[in-house]
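Coordinates as given in model_36.tsv (TSV, C-alpha atoms and all ligand atoms):
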```tsv
chain	number	residue	atom	x	y	z
N	1	MET	CA	-92.98	131.22	-38.98
N	2	THR	CA	-95.20	128.52	-40.49
N	3	VAL	CA	-93.25	125.58	-41.78
N	4	PRO	CA	-94.85	123.52	-44.56
N	5	ALA	CA	-94.71	119.71	-44.51
N	6	THR	CA	-93.04	119.42	-47.90
N	7	MET	CA	-90.63	121.50	-49.93
N	8	LYS	CA	-89.14	121.72	-53.42
N	9	ALA	CA	-85.68	120.21	-53.57
N	10	TRP	CA	-83.26	119.19	-56.32
N	11	VAL	CA	-81.89	115.67	-55.96
N	12	LEU	CA	-79.00	114.00	-57.75
N	13	GLY	CA	-79.98	111.07	-59.98
N	14	ASP	CA	-77.37	109.56	-62.30
N	15	PRO	CA	-74.12	111.50	-62.89
N	16	GLY	CA	-75.01	114.94	-64.29
N	17	GLN	CA	-78.75	114.41	-63.71
N	18	LEU	CA	-80.71	116.67	-61.34
N	19	LEU	CA	-84.43	116.25	-60.61
N	20	LEU	CA	-86.74	118.77	-58.94
N	21	VAL	CA	-88.89	116.83	-56.46
N	22	ASP	CA	-91.12	117.31	-53.42
N	23	LYS	CA	-89.37	116.20	-50.25
N	24	PRO	CA	-90.47	116.29	-46.61
N	25	VAL	CA	-89.13	119.36	-44.80
N	26	PRO	CA	-86.43	117.95	-42.45
N	27	ARG	CA	-86.88	118.23	-38.69
N	28	PRO	CA	-84.12	119.69	-36.51
N	29	ALA	CA	-82.78	117.43	-33.75
N	30	ALA	CA	-81.16	118.60	-30.50
N	31	ALA	CA	-78.67	121.44	-31.10
N	32	GLU	CA	-79.97	121.92	-34.64
N	33	VAL	CA	-82.19	124.48	-36.35
N	34	LEU	CA	-84.28	124.43	-39.50
N	35	VAL	CA	-83.05	127.04	-41.99
N	36	ARG	CA	-85.38	128.41	-44.66
N	37	ILE	CA	-82.88	128.82	-47.48
N	38	ASP	CA	-83.08	132.30	-49.03
N	39	ALA	CA	-79.99	132.08	-51.24
N	40	VAL	CA	-77.44	129.44	-52.25
N	41	ALA	CA	-74.31	130.04	-54.31
N	42	ILE	CA	-72.91	127.55	-56.80
N	43	CYS	CA	-69.35	126.42	-56.14
N	44	ALA	CA	-66.96	124.64	-58.52
N	45	THR	CA	-67.11	121.73	-56.08
N	46	ASP	CA	-70.89	121.44	-56.68
N	47	LEU	CA	-70.18	121.01	-60.41
N	48	GLN	CA	-67.66	118.31	-59.53
N	49	VAL	CA	-70.12	116.53	-57.19
N	50	ILE	CA	-72.96	116.62	-59.72
N	51	SER	CA	-70.81	115.14	-62.51
N	52	HIS	CA	-68.45	112.81	-60.62
N	53	GLY	CA	-69.86	112.35	-57.10
N	54	PHE	CA	-66.58	112.92	-55.25
N	55	PRO	CA	-65.97	114.64	-52.83
N	56	ALA	CA	-69.59	114.00	-51.77
N	57	SER	CA	-70.30	110.61	-50.26
N	58	ILE	CA	-73.44	109.23	-48.66
N	59	GLY	CA	-72.86	106.43	-46.16
N	60	GLY	CA	-69.48	105.77	-47.79
N	61	ASP	CA	-70.90	105.48	-51.34
N	62	LEU	CA	-71.07	107.86	-54.28
N	63	PRO	CA	-74.08	110.19	-53.91
N	64	PHE	CA	-75.95	109.13	-57.08
N	65	ASN	CA	-79.60	108.00	-56.87
N	66	ARG	CA	-79.63	108.41	-53.08
N	67	CYS	CA	-82.27	111.19	-52.93
N	68	PHE	CA	-79.30	113.44	-52.07
N	69	THR	CA	-79.60	117.23	-52.36
N	70	PRO	CA	-76.27	118.94	-53.18
N	71	GLY	CA	-75.40	122.62	-52.62
N	72	HIS	CA	-73.39	123.92	-49.66
N	73	GLU	CA	-72.89	127.70	-49.80
N	74	TYR	CA	-76.22	128.93	-48.51
N	75	MET	CA	-77.84	131.42	-46.15
N	76	GLY	CA	-81.36	131.90	-44.92
N	77	THR	CA	-83.71	132.54	-42.05
N	78	ILE	CA	-84.16	130.34	-38.99
N	79	ALA	CA	-87.61	128.76	-39.33
N	80	ALA	CA	-87.70	126.37	-36.35
N	81	LEU	CA	-85.54	125.36	-33.39
N	82	GLY	CA	-84.63	121.83	-32.36
N	83	PRO	CA	-84.75	120.72	-28.71
N	84	THR	CA	-82.40	122.63	-26.32
N	85	VAL	CA	-81.64	125.46	-28.76
N	86	ASP	CA	-81.71	128.86	-27.05
N	87	GLU	CA	-78.67	130.35	-28.80
N	88	TYR	CA	-80.74	131.50	-31.79
N	89	ALA	CA	-84.32	132.63	-32.38
N	90	VAL	CA	-86.79	131.99	-35.18
N	91	GLY	CA	-86.55	134.78	-37.76
N	92	GLU	CA	-82.80	135.42	-37.43
N	93	ARG	CA	-80.80	135.62	-40.68
N	94	VAL	CA	-77.84	133.26	-40.80
N	95	ALA	CA	-75.12	132.07	-43.14
N	96	VAL	CA	-73.75	128.58	-42.65
N	97	GLU	CA	-70.47	126.73	-42.48
N	98	ILE	CA	-70.46	123.45	-44.31
N	99	HIS	CA	-68.91	121.18	-41.70
N	100	ALA	CA	-70.33	120.26	-38.33
N	101	GLY	CA	-67.70	118.00	-36.81
N	102	CYS	CA	-68.59	115.16	-34.49
N	103	GLY	CA	-67.28	117.21	-31.54
N	104	ARG	CA	-65.82	114.07	-29.95
N	105	CYS	CA	-62.70	113.19	-31.99
N	106	ASP	CA	-59.23	114.60	-31.41
N	107	ARG	CA	-59.32	116.86	-34.48
N	108	CYS	CA	-62.70	118.36	-33.56
N	109	ARG	CA	-61.44	118.93	-30.01
N	110	ARG	CA	-58.65	121.05	-31.51
N	111	GLY	CA	-60.97	123.11	-33.72
N	112	MET	CA	-60.07	121.19	-36.89
N	113	TYR	CA	-63.65	120.07	-37.46
N	114	THR	CA	-63.32	120.13	-41.25
N	115	ALA	CA	-60.78	117.31	-40.78
N	116	CYS	CA	-63.10	115.39	-38.40
N	117	LEU	CA	-61.90	111.80	-37.90
N	118	ASN	CA	-65.54	110.70	-38.06
N	119	TYR	CA	-66.05	112.42	-41.44
N	120	GLY	CA	-69.10	111.01	-43.20
N	121	ARG	CA	-70.46	109.12	-40.19
N	122	SER	CA	-73.65	111.13	-40.50
N	123	ALA	CA	-76.58	108.79	-40.89
N	124	GLY	CA	-78.40	105.73	-39.63
N	125	ASP	CA	-76.92	103.45	-36.97
N	126	ASP	CA	-73.38	104.68	-37.68
N	127	THR	CA	-74.02	108.34	-36.88
N	128	LYS	CA	-71.39	110.12	-34.81
N	129	GLY	CA	-73.01	113.50	-35.35
N	130	HIS	CA	-70.75	114.62	-38.18
N	131	ARG	CA	-72.48	116.55	-40.98
N	132	ALA	CA	-71.08	118.21	-44.10
N	133	ASN	CA	-74.21	119.60	-45.74
N	134	GLY	CA	-74.09	119.18	-49.51
N	135	PHE	CA	-71.38	116.49	-49.15
N	136	THR	CA	-72.42	113.82	-46.64
N	137	THR	CA	-75.88	115.15	-45.74
N	138	ASP	CA	-78.53	117.09	-47.64
N	139	GLY	CA	-77.50	120.53	-48.78
N	140	GLY	CA	-78.86	123.80	-50.05
N	141	PHE	CA	-80.41	123.33	-53.52
N	142	ALA	CA	-83.75	123.13	-51.68
N	143	GLN	CA	-86.11	125.34	-49.73
N	144	TYR	CA	-85.07	124.15	-46.25
N	145	ALA	CA	-82.13	122.42	-44.54
N	146	VAL	CA	-81.16	121.51	-40.98
N	147	ASN	CA	-77.95	122.87	-39.50
N	148	HIS	CA	-76.10	122.28	-36.25
N	149	ILE	CA	-75.91	125.54	-34.30
N	150	ASN	CA	-72.09	125.41	-34.46
N	151	THR	CA	-72.35	125.99	-38.22
N	152	LEU	CA	-74.42	129.19	-37.98
N	153	VAL	CA	-73.16	132.74	-38.35
N	154	ARG	CA	-75.49	135.73	-37.93
N	155	VAL	CA	-75.90	137.98	-40.98
N	156	PRO	CA	-76.24	141.74	-40.35
N	157	ASP	CA	-79.29	143.47	-41.91
N	158	GLN	CA	-77.20	145.56	-44.30
N	159	VAL	CA	-75.67	142.47	-45.96
N	160	SER	CA	-77.75	141.18	-48.89
N	161	ASP	CA	-78.75	137.52	-49.23
N	162	GLU	CA	-76.47	137.18	-52.25
N	163	VAL	CA	-73.42	138.62	-50.49
N	164	ALA	CA	-74.18	136.53	-47.39
N	165	THR	CA	-73.67	133.34	-49.43
N	166	LEU	CA	-70.06	134.49	-49.89
N	167	ILE	CA	-69.39	134.56	-46.13
N	168	VAL	CA	-68.40	130.87	-46.18
N	169	THR	CA	-66.07	131.49	-49.15
N	170	ALA	CA	-64.43	134.35	-47.26
N	171	GLY	CA	-64.20	131.93	-44.31
N	172	THR	CA	-62.18	129.48	-46.38
N	173	ALA	CA	-59.86	132.32	-47.34
N	174	MET	CA	-59.55	133.28	-43.65
N	175	TYR	CA	-58.78	129.67	-42.67
N	176	GLY	CA	-56.01	129.50	-45.29
N	177	LEU	CA	-54.42	132.64	-43.82
N	178	ASP	CA	-54.79	131.15	-40.31
N	179	VAL	CA	-52.95	128.03	-41.35
N	180	LEU	CA	-50.20	130.13	-42.96
N	181	GLY	CA	-49.60	131.85	-39.64
N	182	GLY	CA	-52.43	134.32	-39.21
N	183	LEU	CA	-50.70	137.63	-38.55
N	184	VAL	CA	-50.03	138.73	-42.11
N	185	ALA	CA	-49.83	142.51	-41.51
N	186	GLY	CA	-46.83	143.92	-43.33
N	187	GLU	CA	-46.00	140.57	-44.90
N	188	SER	CA	-46.20	139.72	-48.58
N	189	LEU	CA	-48.75	137.28	-49.95
N	190	LEU	CA	-49.14	135.81	-53.39
N	191	VAL	CA	-52.57	134.42	-54.31
N	192	THR	CA	-52.51	132.12	-57.35
N	193	GLY	CA	-55.88	131.74	-59.10
N	194	ALA	CA	-58.66	134.35	-59.16
N	195	GLY	CA	-61.64	132.09	-58.52
N	196	PRO	CA	-63.99	133.04	-55.68
N	197	ILE	CA	-61.65	131.78	-52.91
N	198	GLY	CA	-58.60	133.45	-54.44
N	199	LEU	CA	-60.44	136.75	-54.93
N	200	LEU	CA	-61.74	136.73	-51.37
N	201	ALA	CA	-58.29	135.72	-50.09
N	202	VAL	CA	-57.04	138.98	-51.62
N	203	ALA	CA	-59.78	140.94	-49.85
N	204	VAL	CA	-59.31	139.25	-46.46
N	205	ALA	CA	-55.51	139.53	-46.61
N	206	LYS	CA	-55.72	143.26	-47.41
N	207	ALA	CA	-58.20	143.77	-44.56
N	208	LEU	CA	-55.68	142.08	-42.24
N	209	GLY	CA	-52.87	144.36	-43.45
N	210	ALA	CA	-50.86	142.07	-45.75
N	211	SER	CA	-48.61	144.05	-48.07
N	212	PRO	CA	-48.03	143.67	-50.90
N	213	VAL	CA	-50.76	141.26	-52.06
N	214	ILE	CA	-50.04	139.91	-55.54
N	215	LEU	CA	-52.64	138.01	-57.58
N	216	THR	CA	-52.01	135.79	-60.60
N	217	ASP	CA	-54.48	134.34	-63.08
N	218	VAL	CA	-54.74	133.86	-66.84
N	219	ARG	CA	-57.92	135.98	-67.23
N	220	ASP	CA	-57.64	139.78	-67.35
N	221	ASP	CA	-61.27	140.33	-66.27
N	222	ARG	CA	-60.69	138.29	-63.09
N	223	LEU	CA	-57.45	140.17	-62.37
N	224	ALA	CA	-59.39	143.45	-62.70
N	225	ILE	CA	-61.84	142.25	-60.04
N	226	GLY	CA	-58.85	141.29	-57.88
N	227	ARG	CA	-57.60	144.87	-58.10
N	228	ARG	CA	-61.07	146.14	-57.06
N	229	LEU	CA	-60.82	143.83	-54.04
N	230	GLY	CA	-57.46	145.31	-53.11
N	231	ALA	CA	-54.67	143.44	-54.95
N	232	ASP	CA	-51.57	145.65	-55.06
N	233	GLN	CA	-50.23	143.94	-58.16
N	234	THR	CA	-51.64	141.48	-60.69
N	235	ILE	CA	-49.77	139.25	-63.10
N	236	ASN	CA	-51.30	137.50	-66.10
N	237	ALA	CA	-49.70	134.06	-65.92
N	238	GLY	CA	-50.71	133.37	-69.51
N	239	ARG	CA	-48.58	136.20	-70.81
N	240	GLU	CA	-45.75	136.50	-68.30
N	241	ALA	CA	-43.29	134.02	-66.83
N	242	VAL	CA	-44.92	134.10	-63.41
N	243	VAL	CA	-42.05	132.81	-61.25
N	244	GLU	CA	-39.65	135.43	-62.62
N	245	ALA	CA	-42.30	138.17	-62.37
N	246	VAL	CA	-42.98	137.43	-58.68
N	247	ARG	CA	-39.29	137.20	-57.83
N	248	ARG	CA	-38.72	140.52	-59.62
N	249	ALA	CA	-41.60	142.12	-57.69
N	250	THR	CA	-40.02	141.08	-54.39
N	251	GLY	CA	-36.43	142.11	-55.08
N	252	GLY	CA	-35.45	138.52	-55.89
N	253	ARG	CA	-36.43	137.24	-52.45
N	254	GLY	CA	-39.85	135.72	-53.05
N	255	VAL	CA	-43.03	136.30	-51.05
N	256	ASP	CA	-43.56	135.41	-47.40
N	257	TYR	CA	-46.68	133.37	-48.18
N	258	VAL	CA	-48.37	131.75	-51.18
N	259	PHE	CA	-52.04	130.79	-51.12
N	260	GLU	CA	-52.55	128.41	-54.06
N	261	CYS	CA	-56.16	128.63	-55.26
N	262	SER	CA	-55.83	127.61	-58.93
N	263	GLY	CA	-55.39	123.83	-58.87
N	264	ALA	CA	-53.45	124.29	-62.13
N	265	PRO	CA	-50.85	121.71	-63.19
N	266	GLY	CA	-47.46	122.98	-62.08
N	267	ALA	CA	-48.99	125.39	-59.55
N	268	VAL	CA	-47.45	123.74	-56.49
N	269	ASN	CA	-43.99	123.62	-58.02
N	270	ASP	CA	-44.30	127.25	-59.13
N	271	ALA	CA	-45.49	128.19	-55.62
N	272	VAL	CA	-42.43	126.72	-53.90
N	273	HIS	CA	-40.21	128.68	-56.29
N	274	MET	CA	-42.05	131.96	-55.62
N	275	VAL	CA	-42.01	131.79	-51.81
N	276	SER	CA	-38.97	133.00	-49.89
N	277	ARG	CA	-36.63	130.76	-47.90
N	278	GLY	CA	-38.49	129.69	-44.77
N	279	GLY	CA	-41.77	130.78	-46.38
N	280	ARG	CA	-45.11	129.05	-46.27
N	281	VAL	CA	-47.41	127.73	-48.98
N	282	CYS	CA	-51.07	126.86	-48.40
N	283	LEU	CA	-52.88	124.67	-50.94
N	284	GLY	CA	-56.57	125.50	-51.10
N	285	ALA	CA	-57.70	124.12	-54.49
N	286	PHE	CA	-58.72	120.61	-55.47
N	287	ALA	CA	-56.20	119.78	-58.21
N	288	HIS	CA	-57.23	117.03	-60.58
N	289	GLU	CA	-53.82	115.46	-61.11
N	290	PRO	CA	-50.88	114.57	-58.86
N	291	ALA	CA	-48.19	117.26	-58.87
N	292	LEU	CA	-44.47	116.86	-59.56
N	293	VAL	CA	-42.59	119.12	-57.14
N	294	ASP	CA	-38.97	120.02	-56.54
N	295	VAL	CA	-38.55	118.43	-53.11
N	296	GLU	CA	-34.86	119.26	-52.94
N	297	HIS	CA	-35.74	122.94	-53.27
N	298	ILE	CA	-38.43	122.64	-50.56
N	299	VAL	CA	-36.14	120.90	-48.10
N	300	SER	CA	-33.02	122.95	-48.75
N	301	ASN	CA	-35.02	126.17	-48.34
N	302	ASN	CA	-37.02	125.12	-45.29
N	303	ILE	CA	-40.32	125.76	-47.06
N	304	TYR	CA	-43.53	124.74	-45.30
N	305	LEU	CA	-46.45	123.22	-47.25
N	306	PHE	CA	-49.99	123.10	-45.86
N	307	GLY	CA	-53.26	121.75	-47.22
N	308	ILE	CA	-56.62	123.01	-46.00
N	309	ARG	CA	-60.08	121.54	-46.22
N	310	GLY	CA	-62.92	124.04	-46.09
N	311	GLU	CA	-63.12	126.44	-43.19
N	312	GLY	CA	-62.05	125.31	-39.70
N	313	GLN	CA	-61.20	127.16	-36.46
N	314	GLY	CA	-64.29	129.38	-36.52
N	315	ALA	CA	-62.84	131.20	-39.53
N	316	VAL	CA	-66.27	131.80	-41.07
N	317	ARG	CA	-67.43	133.80	-38.06
N	318	ARG	CA	-64.28	135.94	-38.23
N	319	ALA	CA	-64.69	136.48	-41.98
N	320	ALA	CA	-68.31	137.51	-41.35
N	321	ALA	CA	-67.04	140.11	-38.86
N	322	LEU	CA	-64.88	141.69	-41.58
N	323	ILE	CA	-67.92	141.86	-43.88
N	324	ALA	CA	-70.19	143.26	-41.13
N	325	GLN	CA	-67.59	145.97	-40.39
N	326	ARG	CA	-67.33	146.74	-44.13
N	327	LYS	CA	-63.61	145.95	-44.08
N	328	ILE	CA	-64.25	143.70	-47.07
N	329	ASP	CA	-66.97	143.90	-49.70
N	330	PRO	CA	-67.36	140.62	-51.58
N	331	SER	CA	-70.12	141.96	-53.86
N	332	PRO	CA	-67.97	142.13	-57.06
N	333	VAL	CA	-67.69	138.32	-56.86
N	334	HIS	CA	-71.47	137.83	-57.15
N	335	THR	CA	-72.54	138.13	-60.78
N	336	HIS	CA	-75.86	136.33	-61.46
N	337	THR	CA	-79.09	135.27	-59.68
N	338	PHE	CA	-81.71	132.69	-60.72
N	339	PRO	CA	-84.85	131.24	-59.08
N	340	LEU	CA	-84.81	127.65	-57.78
N	341	ASP	CA	-86.53	126.15	-60.84
N	342	GLU	CA	-83.71	127.44	-63.03
N	343	LEU	CA	-80.88	125.68	-61.20
N	344	PRO	CA	-79.81	123.81	-64.39
N	345	THR	CA	-79.41	127.16	-66.20
N	346	ALA	CA	-77.60	128.60	-63.19
N	347	LEU	CA	-75.20	125.62	-63.20
N	348	ARG	CA	-74.56	126.15	-66.91
N	349	TYR	CA	-73.73	129.82	-66.30
N	350	ALA	CA	-71.29	128.79	-63.56
N	351	ARG	CA	-69.71	125.92	-65.52
N	352	GLU	CA	-69.31	127.75	-68.84
N	353	ARG	CA	-68.69	131.14	-67.19
N	354	ILE	CA	-71.35	132.63	-69.44
N	355	ASP	CA	-71.51	136.44	-69.44
N	356	GLY	CA	-68.48	136.67	-67.11
N	357	ALA	CA	-70.17	134.55	-64.40
N	358	ILE	CA	-68.21	134.13	-61.18
N	359	LYS	CA	-70.57	133.45	-58.27
N	360	VAL	CA	-74.00	132.42	-59.50
N	361	VAL	CA	-76.70	132.47	-56.82
N	362	VAL	CA	-80.02	130.61	-56.72
N	363	LYS	CA	-82.93	131.88	-54.62
N	364	PRO	CA	-84.96	128.88	-53.40
N	365	GLN	CA	-87.97	130.91	-52.25
N	366	ALA	CA	-88.30	132.51	-55.72
N	367	ARG	CA	-90.08	130.68	-58.54
N	368	ALA	CA	-89.53	131.04	-62.28
N	369	THR	CA	-92.20	133.76	-62.53
N	370	SER	CA	-89.97	136.19	-60.59
N	371	PRO	CA	-87.23	138.28	-62.18
N	372	ALA	CA	-84.16	136.24	-63.07
N	373	GLY	CA	-80.89	136.46	-64.90
N	374	PRO	CA	-77.97	138.79	-64.49
N	375	ALA	CA	-77.97	140.42	-61.06
M	1	ZN	ZN	-67.82	125.56	-52.02
M	2	ZN	ZN	-64.77	114.89	-35.16
```

Rewrite the coordinates I just gave you, this time as C-alpha cells.
Amino acid sequence: MTVPATMKAWVLGDPGQLLLVDKPVPRPAAAEVLVRIDAVAICATDLQVISHGFPASIGGDLPFNRCFTPGHEYMGTIAALGPTVDEYAVGERVAVEIHAGCGRCDRCRRGMYTACLNYGRSAGDDTKGHRANGFTTDGGFAQYAVNHINTLVRVPDQVSDEVATLIVTAGTAMYGLDVLGGLVAGESLLVTGAGPIGLLAVAVAKALGASPVILTDVRDDRLAIGRRLGADQTINAGREAVVEAVRRATGGRGVDYVFECSGAPGAVNDAVHMVSRGGRVCLGAFAHEPALVDVEHIVSNNIYLFGIRGEGQGAVRRAAALIAQRKIDPSPVHTHTFPLDELPTALRYARERIDGAIKVVVKPQARATSPAGPA
C-alpha cells in the first residue's frame, strides 16, 4: 500500500473550534502500525473534548491549540508496519482500542491498562509508552493514525466499516460486565441510559445469557432500539417511578447488577436502591456533577460500587468475537455517515441528535463529493 507523505486531519484550535489541515502522516515506531482510517464514530466524549478539553490532555495541559487531532472510535486498514511487527500484515482490517498502557506499571501488569499509572506520559522526553489516541495522542478525525499492536483487533470481512467502529463501544460494555463479575448467565441486569454503551451493554449481556435484562431511558425511540438489541423489559424513566418499577419487576428483590450508563443526576442513588442486597453496581458514564448517595443503604446492604474507564482486560477483542460470531448485531446503533470534510455537520448531528442520530460515523477516505447523509 502506498503511503502519502501528508494527510488531511482535523485539529482542535480554541474551545469548539476545529480546523481541517494538512499534517505529515505519522510513522509507526517499534511495536506500532500505521492505520489508514476508513471509519471513525463520534462519541459523546469527543463532544466534551472539543468544547471543554477534559478528559483529553496533551503533556498535562488542555488540548487546545496543540495541533491535536481528536476522535477515538475508529477502524481501518493496516498501511505500514513499524520495526519488529510480525503479528499483523499490511492490508488487514482492524478496529482499535483507545488505550495502550505503558506495559510497565502495576496496573498495566494486571491488565488494567486503561487505568495505567503512567497515563498521559506519551510524548517527548517524558514518554513511558502510554498512548490514549484521541485523548493524550493524536486520534481518528484524520486519514491515518499510529497504533500499538496491543490496541488492534481484527475485523472479519462480513462486518462493515461502520459497524466495526462500534467494536470498541461493545468492548466498554464487555469490560463493565467483567468488572461486575463476568458470568451473568441467568442473572438479572439493569442498564440505565440507552446511549451507545448502554444499548450495546444490553446486547452483550443478552449474548452472555443474562436474564432478565431491563433497560431504562427517558426516550421511547431509544428504548425501542434496546428491545431490538434484546432487552427483555424497558421502562421510560420520564413517565414511571423507575425504582418502584424495577423493584416490582424483580418481585421486590432488586436486580443482581446495575450498569449505570446515563450519567444523570440521581442515577447512582437510584442504582443502589434498584440493586439487590449484596448486588453490584458499575458506573460507566461521565457524570457532570458530584452525586449525593445513601451510604447507609449501601453499607447496610453490602452493595458493591465499581467505576470503569474505557475498555480494559482485552474486553474489546472478546466483544469483537461476539460480533464476528453474529451473537450481537450493533448495526441499529449506527444511524448516519458523513465524509471527512463534513465533520462539523456530523458533530452537529451527534450533539443535537438530529434525525434520531445515535452513532454518527465519518469516513476519512471519502471526500464531500461522495454520497453523504443518513446511512
Ligand atoms: Zn468513546
Ligand atoms: Zn501502565

I want to know what sits within 6 Å of segment 208-224 of chain N, based on only C-alpha atoms, with residues of the same chain fewer than 3 positions away left out; could you give that as a compact mmCIF listing (two decimals) with C-alpha atoms, in the coordinates of the input?
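part.txt, written as the output of this step:
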```txt
# COMPACT_ATOMS: atom_id res chain seq x y z
CA VAL N 184 -50.03 138.73 -42.11
CA ALA N 185 -49.83 142.51 -41.51
CA GLY N 186 -46.83 143.92 -43.33
CA GLU N 187 -46.00 140.57 -44.90
CA SER N 188 -46.20 139.72 -48.58
CA LEU N 189 -48.75 137.28 -49.95
CA LEU N 190 -49.14 135.81 -53.39
CA VAL N 191 -52.57 134.42 -54.31
CA THR N 192 -52.51 132.12 -57.35
CA GLY N 193 -55.88 131.74 -59.10
CA ALA N 194 -58.66 134.35 -59.16
CA ALA N 205 -55.51 139.53 -46.61
CA ARG N 227 -57.60 144.87 -58.10
CA ALA N 231 -54.67 143.44 -54.95
CA ASP N 232 -51.57 145.65 -55.06
CA GLN N 233 -50.23 143.94 -58.16
CA THR N 234 -51.64 141.48 -60.69
CA ILE N 235 -49.77 139.25 -63.10
CA ASN N 236 -51.30 137.50 -66.10
CA ALA N 237 -49.70 134.06 -65.92
CA GLY N 238 -50.71 133.37 -69.51
```

Per residue of chain N within 8 Å of ligand ZN 2 (chain M), what are the shortest atom pair and its distance in Å to one decimal, counting only C-alpha atoms and all ligand atoms, with rows by chain and residue number, as a Markdown table?
```
| residue | atom | partner | partner_atom | distance |
| --- | --- | --- | --- | --- |
| N:Gly101 | CA | M:ZN2 | ZN | 4.6 |
| N:Cys102 | CA | M:ZN2 | ZN | 3.9 |
| N:Gly103 | CA | M:ZN2 | ZN | 5.0 |
| N:Arg104 | CA | M:ZN2 | ZN | 5.4 |
| N:Cys105 | CA | M:ZN2 | ZN | 4.2 |
| N:Asp106 | CA | M:ZN2 | ZN | 6.7 |
| N:Arg107 | CA | M:ZN2 | ZN | 5.8 |
| N:Cys108 | CA | M:ZN2 | ZN | 4.3 |
| N:Arg109 | CA | M:ZN2 | ZN | 7.3 |
| N:Tyr113 | CA | M:ZN2 | ZN | 5.8 |
| N:Ala115 | CA | M:ZN2 | ZN | 7.3 |
| N:Cys116 | CA | M:ZN2 | ZN | 3.7 |
| N:Leu117 | CA | M:ZN2 | ZN | 5.0 |
| N:Asn118 | CA | M:ZN2 | ZN | 5.2 |
| N:Tyr119 | CA | M:ZN2 | ZN | 6.9 |
| N:His130 | CA | M:ZN2 | ZN | 6.7 |
```

Notebook entry, point to check: atom CA of Val85 of chain N and atom CA of Ala31 of chain N, how far apart in Å?
Noted result: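 One can read the atom CA of Ala31 of chain N to atom CA of Val85 of chain N distance as 5.5 Å.
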
Check: So how many Å separate atom CA of Ser160 of chain N and atom CA of Ser331 of chain N, to one decimal?
Finding: 9.1 Å

Next item on the list: Would you mind reading off the distance between atom CA of Leu34 of chain N and atom CA of Arg309 of chain N, one decimal, in Å?
Entry: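 Going from atom CA of Leu34 of chain N over to atom CA of Arg309 of chain N, I get 25.3 Å.
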
Margin query: Could you list, as a list in words, every residue within 9 Å of Val153 of chain N, counting all atoms listed in the file and ignoring same-chain residues fewer than 3 positions away?
Written below: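 Those residues are Arg93, Val94, Ala95, Val96, Glu97, Ile149, Asn150, Ile167, Val316, Arg317 and Ala320 of chain N.
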
Notebook entry, point to check: Quick one: of N:Thr169, N:Thr69, N:Ser300, N:Gln325, who's nearest to Asp138 of chain N, counting only C-alpha atoms?
Noted result: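 Among the listed residues, the smallest separation from Asp138 of chain N belongs to N:Thr69.
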
Note to self: Could you check the closest approach to Lys206 of chain N for each of N:Arg280, N:His336, N:Arg154, N:Lys327 and tell me which residue wins, using all atoms listed in the file?
What the structure shows: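 Under the stated criterion, the closest residue is N:Lys327.
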
Margin query: Considering all atoms listed in the file, can you say which of N:Val360, N:Val168, N:Val275, N:Ala173 comes closest to ligand ZN 1 (chain M)?
Written below: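 The answer is N:Val168, which sits nearest to ligand ZN 1 (chain M).
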
Next item on the list: For ligand ZN 1 (chain M), collect every residue having any atom at a distance of at most 9 Å from a ligand atom (counting only C-alpha atoms and all ligand atoms); output as a PyMOL selection string.
Entry: chain N and resi 41-46+71-73+98+168-169+172+197+310

Note to self: Taking all atoms listed in the file into account, name the residue in N:Asn65, N:Gln143, N:Thr337, N:Asn301 that is nearest to Pro26 of chain N.
What the structure shows: N:Gln143

Notebook entry, point to check: Using only C-alpha atoms, which residue out of N:Val146, N:Val268, N:Met274, N:Leu62 lies closest to Arg248 of chain N?
Noted result: N:Met274

Next item on the list: Considering only C-alpha atoms, state which residue in the set N:Phe286, N:Gly254, N:Asp125, N:Ile37 is at the smallest distance from Phe54 of chain N.
Entry: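 Residue with the minimum atom-to-atom distance to Phe54 of chain N: N:Phe286.
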
Next item on the list: Using all atoms listed in the file, collect all residues at a distance of at most 12 Å from (-69.5, 114.2, -52.6) as written in the file, then present them as a ChimeraX atom specification.
Entry: /N:12,15,45-64,66,68-72,119-120,132-139

Taking only residues of segment 87-161 of chain N that have an atom at most 8 Å from an atom of segment 5-11 of chain N, what is each one's shortest atom pair and its distance in Å to one decimal, using all atoms listed in the file, in chain and number order, as JSON lines?
```
{"residue": "N:Phe141", "atom": "CA", "partner": "N:Trp10", "partner_atom": "CA", "distance": 5.8}
{"residue": "N:Ala142", "atom": "CA", "partner": "N:Ala9", "partner_atom": "CA", "distance": 4.0}
{"residue": "N:Gln143", "atom": "CA", "partner": "N:Met7", "partner_atom": "CA", "distance": 5.9}
{"residue": "N:Tyr144", "atom": "CA", "partner": "N:Met7", "partner_atom": "CA", "distance": 7.2}
```

May I ask you to restore N, CA and C atoms in segment 237-243 of chain N and write the result as a PDB file, in the coordinates of the input?
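Saved the output as out_35.pdb:
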```pdb
ATOM      1  N   ALA N 237     -50.617 135.200 -65.810  1.00  0.00           N
ATOM      2  CA  ALA N 237     -49.700 134.060 -65.920  1.00  0.00           C
ATOM      3  C   ALA N 237     -49.723 133.436 -67.307  1.00  0.00           C
ATOM      4  N   GLY N 238     -50.692 133.855 -68.139  1.00  0.00           N
ATOM      5  CA  GLY N 238     -50.710 133.370 -69.510  1.00  0.00           C
ATOM      6  C   GLY N 238     -49.752 134.140 -70.403  1.00  0.00           C
ATOM      7  N   ARG N 239     -49.425 135.347 -69.976  1.00  0.00           N
ATOM      8  CA  ARG N 239     -48.580 136.200 -70.810  1.00  0.00           C
ATOM      9  C   ARG N 239     -47.172 136.384 -70.245  1.00  0.00           C
ATOM     10  N   GLU N 240     -47.048 136.254 -68.917  1.00  0.00           N
ATOM     11  CA  GLU N 240     -45.750 136.500 -68.300  1.00  0.00           C
ATOM     12  C   GLU N 240     -45.213 135.238 -67.652  1.00  0.00           C
ATOM     13  N   ALA N 241     -43.915 135.114 -67.573  1.00  0.00           N
ATOM     14  CA  ALA N 241     -43.290 134.020 -66.830  1.00  0.00           C
ATOM     15  C   ALA N 241     -43.478 134.361 -65.352  1.00  0.00           C
ATOM     16  N   VAL N 242     -44.401 133.640 -64.700  1.00  0.00           N
ATOM     17  CA  VAL N 242     -44.920 134.100 -63.410  1.00  0.00           C
ATOM     18  C   VAL N 242     -43.874 134.005 -62.302  1.00  0.00           C
ATOM     19  N   VAL N 243     -43.041 132.958 -62.320  1.00  0.00           N
ATOM     20  CA  VAL N 243     -42.050 132.810 -61.250  1.00  0.00           C
ATOM     21  C   VAL N 243     -41.070 133.982 -61.293  1.00  0.00           C
TER      22      VAL N 243
END
```
